[in-house]
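Trainee: My structure is below; once you've seen it, I'll send some questions.
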Amino acid sequence: MMLDDVANLELVRSRRRTVELRVFPDGRAQVRAPQRMALRDIEAFVRERRDWLAQKQAEFAQRPAPPVPRFEDGAEHWLLGRSVPLRVIPARRRRVGLSTDGLQVMTDCQRPDTVERLLENWYRAQARVLFEQLIDQHFPFFQQRGYPRPLLTIRKMRSRWGSLSSRGGMSLNLLLLKAPLPLVEYVVIHELCHLQEQNHGAGFKALMDELLPDWKQRRQQLNGLTYL
């Protein structure tokens with residue numbers, strides 16, 4: 001079997017020691033391998049997991065597409081697992097805040113693109129506070145083992161909840177702010193575990209079991225959210 005025979009499969013080589021196969025919610029698959037690993041060995045690795053790969057791609061294909069967000073008064077939005085209405089209020093000064101009525105966007109321009117930009121900036125600010133708090137909460141375990149605290153970057157990612165670079169930079173998906181807090185915590189702990197375990201092998205799973213015993217249930221809940 002050649003890698004080109006597998007639909008939507010991307011090969012990524014990096015300075016890693018092991019090979020790993022990932023499937024993303026949009027159906028893309030990615031095999032991550034060491035720089036010098038022979039192509040025939042990578043193909044053999046994928047061949048052994050071809051049934052699993054096909055099953056995962058089929059599962060994601062059956063998931064309903066998330067609703068397209070609207071940025072007008074009364075539209076439904078999500079914050080930490082809770083549905084909140086959007087309130088667009090004419091005002092001279094632009095400001096976004098959360099009230100008992102919902103997410104209030106006060107603006108002198110009520111065009112959807114303006115409301116979207118203001119709301120996204122607010123989400124980013126809230127996400128940074130929450131993500132940093134969760135990192136601070138769980139990082140001491142890794143700090144005691146000599147790992148440096150990762151620098152946080154918040155991104156809108158199409159197919160990943162988070163990632164940790166080989167240089168220790170942590171990227172978290174802005175959309176996580178819409179998920180329930182326990183599921184956000186799961187992603188943060190998941191990425192912190194990559195400080196010690198660079199793949200998703202037995203060592204990684206054992207570390208997750210130690211730090212978050214119900215991580216598999218949280219992962220399943222996160223992947224099952226239909227509004228993200």
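Ordering of the structure tokens sets the chain letters (A, B, ...), residue numbers begin anew at 1 in every chain, and ligands are numbered from 1 in the order given.
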Would you mind listing what lies within 10 Å of Thr226 (chain A) as a list in words, with only C-alpha atoms counted and same-chain residues fewer than 4 positions away left out?
Mentor: Arg63, Pro64, Ala65, Pro66, Pro67 and Leu222 of chain A
Trainee: For a quick check of understanding, using only C-alpha atoms, which of A:Val96, A:Met208, A:Ser159, A:Ala91 has the smallest distance to Gly27 (chain A)?
Mentor: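 Using only C-alpha atoms, the shortest distance to Gly27 (chain A) belongs to A:Ser159.
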Trainee: Which polymer residues have any atom within 12 Å of an atom of Val68 (chain A), counting only C-alpha atoms, with same-chain residues fewer than 4 positions away left out, as a list in words?
Mentor: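 Within the cut-off, the hits are Pro64, Ala75, Glu76, His77, Thr226, Tyr227 and Leu228 of chain A.
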Trainee: For the residues in that selection, give me N, CA and C atoms as a PDB file, in the first residue's frame.
Mentor:
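part_9.pdb written:
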```
ATOM      1  N   PRO A  64     -23.053  15.455  12.156  1.00  0.00           N
ATOM      2  CA  PRO A  64     -23.664  16.613  11.500  1.00  0.00           C
ATOM      3  C   PRO A  64     -22.725  17.809  11.517  1.00  0.00           C
ATOM      4  N   ALA A  75     -29.334  35.846  18.038  1.00  0.00           N
ATOM      5  CA  ALA A  75     -28.669  34.626  17.578  1.00  0.00           C
ATOM      6  C   ALA A  75     -28.131  33.832  18.768  1.00  0.00           C
ATOM      7  N   GLU A  76     -28.081  32.513  18.609  1.00  0.00           N
ATOM      8  CA  GLU A  76     -27.598  31.640  19.672  1.00  0.00           C
ATOM      9  C   GLU A  76     -26.080  31.495  19.596  1.00  0.00           C
ATOM     10  N   HIS A  77     -25.427  31.689  20.725  1.00  0.00           N
ATOM     11  CA  HIS A  77     -23.997  31.458  20.835  1.00  0.00           C
ATOM     12  C   HIS A  77     -23.730  30.620  22.073  1.00  0.00           C
ATOM     13  N   THR A 226     -21.880  18.919  19.073  1.00  0.00           N
ATOM     14  CA  THR A 226     -22.355  19.195  17.712  1.00  0.00           C
ATOM     15  C   THR A 226     -22.386  20.674  17.377  1.00  0.00           C
ATOM     16  N   TYR A 227     -22.142  21.547  18.352  1.00  0.00           N
ATOM     17  CA  TYR A 227     -22.221  22.975  18.085  1.00  0.00           C
ATOM     18  C   TYR A 227     -20.847  23.606  17.856  1.00  0.00           C
ATOM     19  N   LEU A 228     -19.783  22.793  17.869  1.00  0.00           N
ATOM     20  CA  LEU A 228     -18.439  23.320  17.626  1.00  0.00           C
ATOM     21  C   LEU A 228     -17.977  22.950  16.222  1.00  0.00           C
TER      22      LEU A 228
END
```
Trainee: Find the residue from A:Leu86, A:Leu177, A:Leu211, A:Ala33 that sits nearest to Pro69 (chain A); use only C-alpha atoms when measuring.
Mentor: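 Answer, going by the shortest atom-to-atom distance: A:Leu86.
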Trainee: Hey, what's within 10 Å of Phe139 (chain A) if we count only C-alpha atoms and toss same-chain stuff fewer than 5 positions away? As a list in words, please?
Mentor: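 My list of contacting residues is Gln133, Leu134, Gln144, Tyr147, Pro148, Arg149, Pro150, Val188, Ile189, Leu192 and Cys193 of chain A.
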Trainee: Could you find all residues in region 59-216 of chain A that DSSP calls helix (DSSP H, G or I) from the backbone, and write them as a ChimeraX atom specification?
Mentor: /A:59-62,112-138,140-143,174-178,181-193,202-211,215-216
Trainee: Could you pull the residues within 10 Å of Leu207 (chain A), counting only C-alpha atoms, minus those fewer than 6 positions along the same chain, as a VMD selection string?
Mentor: chain A and resid 189 to 190 193 to 194 196 to 197 213
Trainee: Those residues with N, CA and C atoms, as an mmCIF file, in the first residue's frame please?
Mentor:
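So the final result, stored in out-v7.cif, reads:
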```cif
data_model
loop_
_atom_site.group_PDB
_atom_site.id
_atom_site.type_symbol
_atom_site.label_atom_id
_atom_site.label_comp_id
_atom_site.auth_asym_id
_atom_site.auth_seq_id
_atom_site.Cartn_x
_atom_site.Cartn_y
_atom_site.Cartn_z
ATOM 1 N N ILE A 189 -4.677 19.582 29.980
ATOM 2 C CA ILE A 189 -3.875 18.516 30.584
ATOM 3 C C ILE A 189 -3.276 17.626 29.497
ATOM 4 N N HIS A 190 -4.060 17.337 28.472
ATOM 5 C CA HIS A 190 -3.573 16.540 27.342
ATOM 6 C C HIS A 190 -2.303 17.154 26.748
ATOM 7 N N CYS A 193 0.741 17.021 29.042
ATOM 8 C CA CYS A 193 1.342 15.684 29.096
ATOM 9 C C CYS A 193 2.336 15.471 27.956
ATOM 10 N N HIS A 194 2.171 16.218 26.868
ATOM 11 C CA HIS A 194 3.114 16.086 25.758
ATOM 12 C C HIS A 194 4.476 16.709 26.088
ATOM 13 N N GLN A 196 6.136 15.655 28.508
ATOM 14 C CA GLN A 196 6.870 14.460 28.915
ATOM 15 C C GLN A 196 6.754 13.336 27.888
ATOM 16 N N GLU A 197 5.579 13.195 27.292
ATOM 17 C CA GLU A 197 5.335 12.113 26.336
ATOM 18 C C GLU A 197 4.942 12.739 25.001
ATOM 19 N N PRO A 213 -8.212 10.753 35.640
ATOM 20 C CA PRO A 213 -8.684 9.381 35.448
ATOM 21 C C PRO A 213 -9.842 9.230 34.463
#
```
Trainee: Give me the residues within 12 Å of Asp101 (chain A) as a list in words, counting only C-alpha atoms and dropping any in the same chain fewer than 4 places off.
Mentor: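 Answer for this query is Asp73, Gly74, Ser83, Val84, Pro85, Leu86, Arg87, Val88, Ile89, Gly97 and Val105 of chain A.
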Trainee: Residues of the last selection are to be written out with C-alpha atoms, as a PDB file, in the first residue's frame.
Mentor:
```
ATOM      1  CA  ASP A  73     -29.553  40.233  17.691  1.00  0.00           C
ATOM      2  CA  GLY A  74     -31.095  37.089  19.173  1.00  0.00           C
ATOM      3  CA  SER A  83     -26.282  28.537  25.188  1.00  0.00           C
ATOM      4  CA  VAL A  84     -26.544  32.318  25.469  1.00  0.00           C
ATOM      5  CA  PRO A  85     -28.386  34.748  23.202  1.00  0.00           C
ATOM      6  CA  LEU A  86     -26.508  37.498  21.437  1.00  0.00           C
ATOM      7  CA  ARG A  87     -27.762  41.025  22.151  1.00  0.00           C
ATOM      8  CA  VAL A  88     -26.661  43.689  19.683  1.00  0.00           C
ATOM      9  CA  ILE A  89     -27.244  47.093  21.255  1.00  0.00           C
ATOM     10  CA  GLY A  97     -19.887  41.974  28.059  1.00  0.00           C
ATOM     11  CA  VAL A 105     -22.342  43.687  21.983  1.00  0.00           C
TER      12      VAL A 105
END
```
Trainee: How far is it from CA of Phe60 (chain A) to CA of Leu21 (chain A), in Å with one decimal?
Mentor: 15.5 Å
Trainee: Enumerate, in order of chain and increasing residue number, the residues of region 139-193 of chain A with an atom no farther than 12 Å from region 22-26 of chain A, each with its shortest atom pair and distance in Å to one decimal, counting only C-alpha atoms, as CSV.
Mentor:
```
residue,atom,partner,partner_atom,distance
A:Met157,CA,A:Phe24,CA,11.1
A:Arg158,CA,A:Asp26,CA,7.9
A:Ser159,CA,A:Phe24,CA,5.4
A:Arg160,CA,A:Phe24,CA,6.9
A:Trp161,CA,A:Phe24,CA,9.9
A:Gly162,CA,A:Phe24,CA,11.9
```
Trainee: Go ahead and write the residues just picked, C-alpha atoms, as a PDB file, in the first residue's frame.
Mentor:
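Result went into out01.pdb, see below:
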```pdb
ATOM      1  CA  MET A 157      -8.033  25.793  14.295  1.00  0.00           C
ATOM      2  CA  ARG A 158     -10.141  23.818  11.879  1.00  0.00           C
ATOM      3  CA  SER A 159      -9.280  20.322  12.994  1.00  0.00           C
ATOM      4  CA  ARG A 160      -7.391  20.316  16.306  1.00  0.00           C
ATOM      5  CA  TRP A 161      -8.235  21.299  19.855  1.00  0.00           C
ATOM      6  CA  GLY A 162      -4.635  21.951  20.738  1.00  0.00           C
TER       7      GLY A 162
END
```
Trainee: Enter the distance from CA of Lys216 (chain A) to CA of Val187 (chain A), in Å, rounded to one decimal.
Mentor: 11.2 Å
Trainee: Would you please give, as a ChimeraX atom specification, all residues of region 6-227 of chain A that DSSP assigns to strand (DSSP E) based on the backbone?
Mentor: /A:9-14,20-23,29-34,76-79,82-90,95-99,102-107,151-155,162-164,169-173
Trainee: Taking only C-alpha atoms into account, name the residue in A:Gln143, A:Thr100, A:Met170, A:Gly224 that is nearest to Phe131 (chain A).
Mentor: A:Met170
Trainee: For Leu9 (chain A), find every residue with an atom within 12 Å (counting only C-alpha atoms), except residues of its own chain fewer than 4 positions away, and show them as a VMD selection string.
Mentor: chain A and resid 2 to 5 21 to 24 26 to 32 43 46 50 53 to 54 57
Trainee: Quick one: of A:Leu183, A:Ala206, A:Ile135, A:Leu195, who's nearest to Arg218 (chain A), counting only C-alpha atoms?
Mentor: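 Among the listed residues, A:Leu183 lies closest to Arg218 (chain A).
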